[in-house]
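Structure first, then comments.
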Amino acid sequence: MSFDELPPKKINPAKLSSTESFERRSIAEFSEQAYLNYAMYVILDRALPNVCDGLKPVQRRIVYAMSELGLSAGAKHKKSARTVGDVIGKFHPHGDSACYEAMVLMAQPFSYRYPLIDGQGNFGSPDDPKSFAAMRYTESRLTAYANSLLAETEQGTVDWQPNFDGTLEEPVLLPARLPNVLLNGGMGIAVGLSTDIPPHNLREVVAATIALLDSPDSTVDDLCRHVRAPDFPTEAEIITPPDELLQMYRLGIGSVRQRARFEIEQGEIVITALPFQVSGSKILEQIAGQMNAKKLPLVSDLRDESDHEAPTRLVIIPRSRQVDTDALMAHLFATTDLEKSYRINMNVIALDGRPKVMNLKELLAEWLVFRQRTVTRRLTWRLTKLELRLEILAGLLIAFLNIDEVIAVIREADEPKPELIARFDLTERQAEAILEIRLRQLARLEEIALRKEQEGLQAEAEHIRALLADETALRGLLRDELQADAKLYGDVRRSRLVTRDAAQALAETALITSEPVTVVLSKNGWIRAAKGHDVDPVGLSYKAGDAYLAHMSGKSTQSAVLFDDIGRAYTLPAHSLPSARGQGEPLTGRLSPPAGAQFTQLMLADEGDAILLWQTTGYGFIVPFAELLSRQRAGKVIISVQTGATLGSPLRLDPTVTRLALATSDGHILIIERADIPQLTKGRGNKLMGLKADAHLVAACALTPNDSLKIQSGARSVTLRGIDFDNYCGARAGRGRLLPRGFQRVDGLLATQE
């Protein structure tokens, strides 16, 4: 039986007191309503800024509480703990640490484009924004810019609401004179919603606002002639293309990419500006991590020379002056936070109290509506004050014109107030003001001052009535105030706009210094690499029970390809192999060959080279070296090894090789054309040389047009050249020609030039 199907509980009304009541609701309905209330609270009262003043509730309460404490820009700093205490005790009943953190954020010049709080003490650093001192150690006051949010608070411009316990009142919004929501931006995560508004330059935003005020039909494209891009507190470059920035402002969503700035000083790379919210220590950590992993050999050292005079100065020292610094920095931009992308989502609480993603025009238009209402309320409030004062001045002047009669009434009447009202046709306020006149104010000069004040206030009142009656004049006032504030608080753009392509990381081989190496493979599958080519691989130290198997000379920028006895190829970067100063490491730690497979051959070459793969049964083919490469630990099948056959030593073929020499175990030599050998990506290949039943292929050699062929047989050797050389040439798959007696045991073939 479900909760809804339960029968209602019978309650005797006689047993209920007058204060008891019951409500029966399903858990689903109650949970849904409770979660909805929570979600709306987070959205409207915690996470999203308001389009009017650009502040979240906690920020608004901090700024207002500091103004109530008299902490203006010209006041003496006061302990932050005092401010936090007032905020959480009067307006914001939440944790003091969260309140203080929000306060610190508004004081950090590297977090806010136009800070609202002037902090004294440790308010964090760009390397660690949360490294600020405890609130009992720091002091704070409002900045001059904060006055643009507070200046009109007491001029009838805002609505007031009770605080959390109903003992005080707080402003619902602050009467911002500037579109702070764009100037300082904001970030927040609500339930199902988030906001990421970047900061902007005050002068540019004011110019766009005035343009929209003068031409309400302006498009986003028109406004973007003034607001070209965000303006972050740091001086790093914005590299996002203009068309992408324009699309971001059209939709209210998108992304902005920022890149660090650097200079070259005496061959060293000096980073002078970092992207917004990027820590210099983290950058050094990221670069050092690549250096420790041997993935950045182009850099020899790092230094952090940042100080008070140069807040950002990170020095990267290239390994040599031959290093391409532009290519190196492009790699660092792609692999570290030296280049960072920022998500943009201009989601704010609109004038109707609902969250909405706005484009640039919608946001400025909404703010202008708010500002026009605020100025109208300010003027109306001022006009009301003027009319009240003019009413009193009119009564005072009547009293001065009839001073003797007024004095007589006051002296003789038991109730002078009604008598004055009746005799001189005064209002209650005027009569009250007359009764409160001091004797010293009856002087002739006082009357002159009252008339002068009356004339000035009447002129001001007429001017305000004209403004309220003429929308064009009211817009002119808005324009003048915006221009004055832009002149007072504005500054130059910090984030330079430079269109650049997104950085690309360098290929792994481009980061490696090209050095000669010799890779050595042992019979038990241990591998190592020695610097240089003048290495005796056989004479190296091997583990007990192990011995030399194969070696290959090449460069550290090349890839080493290993073959097992079943025809699979495996790839390892040559620069990543352990040093030959030790005994190396087992290949099974890096590769995953099939059970029972043994590594038999080794090859080093460039990706553009061609390789001859051959078996002792006489079959083989040419394969591009790039086809041998594999990123898989298990490698890839390349050559189908026949039963009873073994894989011969792979032969690198450069473009100058035109012929190949082959030798058998029974002393036959065959020289064939390279063009006759098929080029495949995998398989068994074609027959390269015909063999007798008990013979097998033992050696292969690549020949250029001017090469002779040296045949090694034990301690003796013979060189074929000229007509003798031609006698051994033949078609592919032939048996070749038998060597002279005494040289029929071939130990090796070598191409020579004389």
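If you're wondering about the labels, chains in the structure tokens are A, B, ... by order shown, residues count from 1 in each chain, ligands from 1 in order shown.
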Q | Surrounding residues of segment 629-646 of chain A excluding itself and chain neighbours under 5 positions, 7 Å, only C-alpha atoms, as a list in words | A |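 Once the nearby chain positions are removed, what remains is Asp565, Ile566, Gly567, Arg568, Ala569, Tyr570, Thr571, Arg590, Leu591, Ser592, Pro593, Gln615, Thr616, Thr617, Lys682, Gly683 and Arg684 of chain A.
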Go through segment 615-703 of chain A and flag each residue having an atom no more than 12 Å from segment 536-550 of chain A; for those, report the closest pair of atoms plus their distance in Å to one decimal, using only C-alpha atoms, ordered by chain and rising number, as a tab-separated table.
residue	atom	partner	partner_atom	distance
A:Gly648	CA	A:Ala550	CA	11.2
A:Ser649	CA	A:Ala550	CA	8.7
A:Pro650	CA	A:Ala550	CA	11.1
Keeping only C-alpha atoms, write the selected residues as a compact mmCIF listing (two decimals), in the first residue's frame.
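So part06.txt came out as:
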# COMPACT_ATOMS: atom_id res chain seq x y z
CA GLY A 648 67.25 -11.84 -40.79
CA SER A 649 68.75 -8.54 -39.75
CA PRO A 650 66.54 -5.78 -41.25
Q: Please give the complete set of residues from segment 653-724 of chain A that DSSP, run on the backbone, assigns to strand (DSSP E or B), formatted as an MDAnalysis selection string.
A: chainID A and resid 653 659:664 668:673 679 683 686:687 697:703 708:713 716:720
Would you write out those residues with N, CA and C atoms, as a short mmCIF file (atom, residue, chain, number, x, y, z; two decimals), in the first residue's frame?
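That gives us again_36.cif:
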data_model
loop_
_atom_site.label_atom_id
_atom_site.label_comp_id
_atom_site.auth_asym_id
_atom_site.auth_seq_id
_atom_site.Cartn_x
_atom_site.Cartn_y
_atom_site.Cartn_z
N LEU A 653 67.27 0.98 -46.36
CA LEU A 653 67.53 1.33 -47.76
C LEU A 653 67.30 2.83 -47.93
N ARG A 659 70.64 -1.62 -55.83
CA ARG A 659 70.72 -3.09 -55.92
C ARG A 659 70.92 -3.69 -54.52
N LEU A 660 70.63 -4.99 -54.45
CA LEU A 660 70.78 -5.72 -53.20
C LEU A 660 71.59 -6.98 -53.44
N ALA A 661 72.53 -7.25 -52.54
CA ALA A 661 73.33 -8.47 -52.63
C ALA A 661 72.85 -9.45 -51.56
N LEU A 662 72.69 -10.72 -51.95
CA LEU A 662 72.21 -11.76 -51.05
C LEU A 662 73.21 -12.90 -51.02
N ALA A 663 73.40 -13.52 -49.87
CA ALA A 663 74.35 -14.63 -49.74
C ALA A 663 73.69 -15.80 -49.02
N THR A 664 74.02 -17.05 -49.48
CA THR A 664 73.44 -18.25 -48.87
C THR A 664 74.50 -18.98 -48.05
N HIS A 668 76.57 -19.23 -52.26
CA HIS A 668 76.05 -18.58 -53.46
C HIS A 668 75.80 -17.09 -53.19
N ILE A 669 76.09 -16.26 -54.21
CA ILE A 669 75.85 -14.81 -54.14
C ILE A 669 74.95 -14.42 -55.30
N LEU A 670 73.92 -13.60 -54.99
CA LEU A 670 73.03 -13.09 -56.02
C LEU A 670 72.84 -11.59 -55.80
N ILE A 671 73.06 -10.81 -56.89
CA ILE A 671 72.85 -9.36 -56.84
C ILE A 671 71.64 -9.04 -57.71
N ILE A 672 70.59 -8.45 -57.09
CA ILE A 672 69.34 -8.19 -57.81
C ILE A 672 69.02 -6.69 -57.76
N GLU A 673 68.16 -6.28 -58.64
CA GLU A 673 67.74 -4.88 -58.69
C GLU A 673 66.72 -4.60 -57.57
N GLN A 679 57.08 -3.89 -52.67
CA GLN A 679 56.92 -3.07 -51.46
C GLN A 679 55.56 -3.38 -50.86
N GLY A 683 53.11 -9.16 -44.50
CA GLY A 683 52.94 -10.42 -45.22
C GLY A 683 54.22 -11.25 -45.22
N ASN A 686 57.88 -11.96 -51.31
CA ASN A 686 58.18 -12.79 -52.48
C ASN A 686 59.55 -13.46 -52.31
N LYS A 687 59.78 -14.46 -53.15
CA LYS A 687 61.07 -15.13 -53.10
C LYS A 687 62.14 -14.20 -53.65
N LEU A 697 69.35 -18.50 -46.44
CA LEU A 697 69.89 -17.16 -46.64
C LEU A 697 70.57 -16.70 -45.37
N VAL A 698 71.81 -16.15 -45.51
CA VAL A 698 72.57 -15.79 -44.31
C VAL A 698 72.89 -14.29 -44.23
N ALA A 699 72.87 -13.56 -45.34
CA ALA A 699 73.25 -12.15 -45.29
C ALA A 699 72.64 -11.39 -46.45
N ALA A 700 72.48 -10.07 -46.25
CA ALA A 700 71.98 -9.17 -47.29
C ALA A 700 72.71 -7.85 -47.17
N CYS A 701 72.91 -7.18 -48.30
CA CYS A 701 73.67 -5.93 -48.31
C CYS A 701 73.07 -4.98 -49.34
N ALA A 702 72.96 -3.69 -49.01
CA ALA A 702 72.45 -2.67 -49.93
C ALA A 702 73.61 -2.06 -50.69
N LEU A 703 73.41 -1.83 -52.00
CA LEU A 703 74.48 -1.33 -52.86
C LEU A 703 74.01 -0.09 -53.62
N SER A 708 81.36 -1.40 -54.44
CA SER A 708 81.86 -2.76 -54.64
C SER A 708 81.33 -3.61 -53.49
N LEU A 709 81.46 -4.94 -53.61
CA LEU A 709 80.93 -5.83 -52.60
C LEU A 709 82.07 -6.59 -51.95
N LYS A 710 82.22 -6.42 -50.64
CA LYS A 710 83.25 -7.12 -49.89
C LYS A 710 82.60 -8.30 -49.16
N ILE A 711 83.16 -9.50 -49.39
CA ILE A 711 82.61 -10.73 -48.80
C ILE A 711 83.59 -11.20 -47.73
N GLN A 712 83.08 -11.32 -46.52
CA GLN A 712 83.91 -11.76 -45.40
C GLN A 712 83.70 -13.24 -45.17
N SER A 713 84.80 -13.98 -45.14
CA SER A 713 84.74 -15.43 -44.92
C SER A 713 85.81 -15.78 -43.90
N ARG A 716 89.46 -14.29 -43.84
CA ARG A 716 89.78 -13.88 -45.20
C ARG A 716 88.61 -13.09 -45.78
N SER A 717 88.85 -12.31 -46.83
CA SER A 717 87.80 -11.57 -47.51
C SER A 717 88.16 -11.42 -48.97
N VAL A 718 87.15 -11.22 -49.78
CA VAL A 718 87.33 -10.99 -51.20
C VAL A 718 86.38 -9.89 -51.62
N THR A 719 86.81 -9.02 -52.53
CA THR A 719 85.99 -7.90 -52.99
C THR A 719 85.64 -8.10 -54.45
N LEU A 720 84.37 -8.01 -54.75
CA LEU A 720 83.88 -8.13 -56.14
C LEU A 720 83.70 -6.74 -56.72
#
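In this structure, atom CA of Leu457 of chain A sits 21.4 Å away from atom CA of Glu481 of chain A.
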Q: List the neighbours of Glu285 of chain A out to 12 Å using only C-alpha atoms; skip same-chain residues closer than 4 positions along the sequence, and give me the result as a list of chain:residue names.
A: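 The contact residues come out as A:Asp127, A:Ser279, A:Gly280, A:Ser281, A:Gly289, A:Gln290, A:Met291, A:Asn292, A:Leu302, A:Arg303, A:Asp304, A:Leu314, A:Thr336, A:Asp337, A:Leu338.
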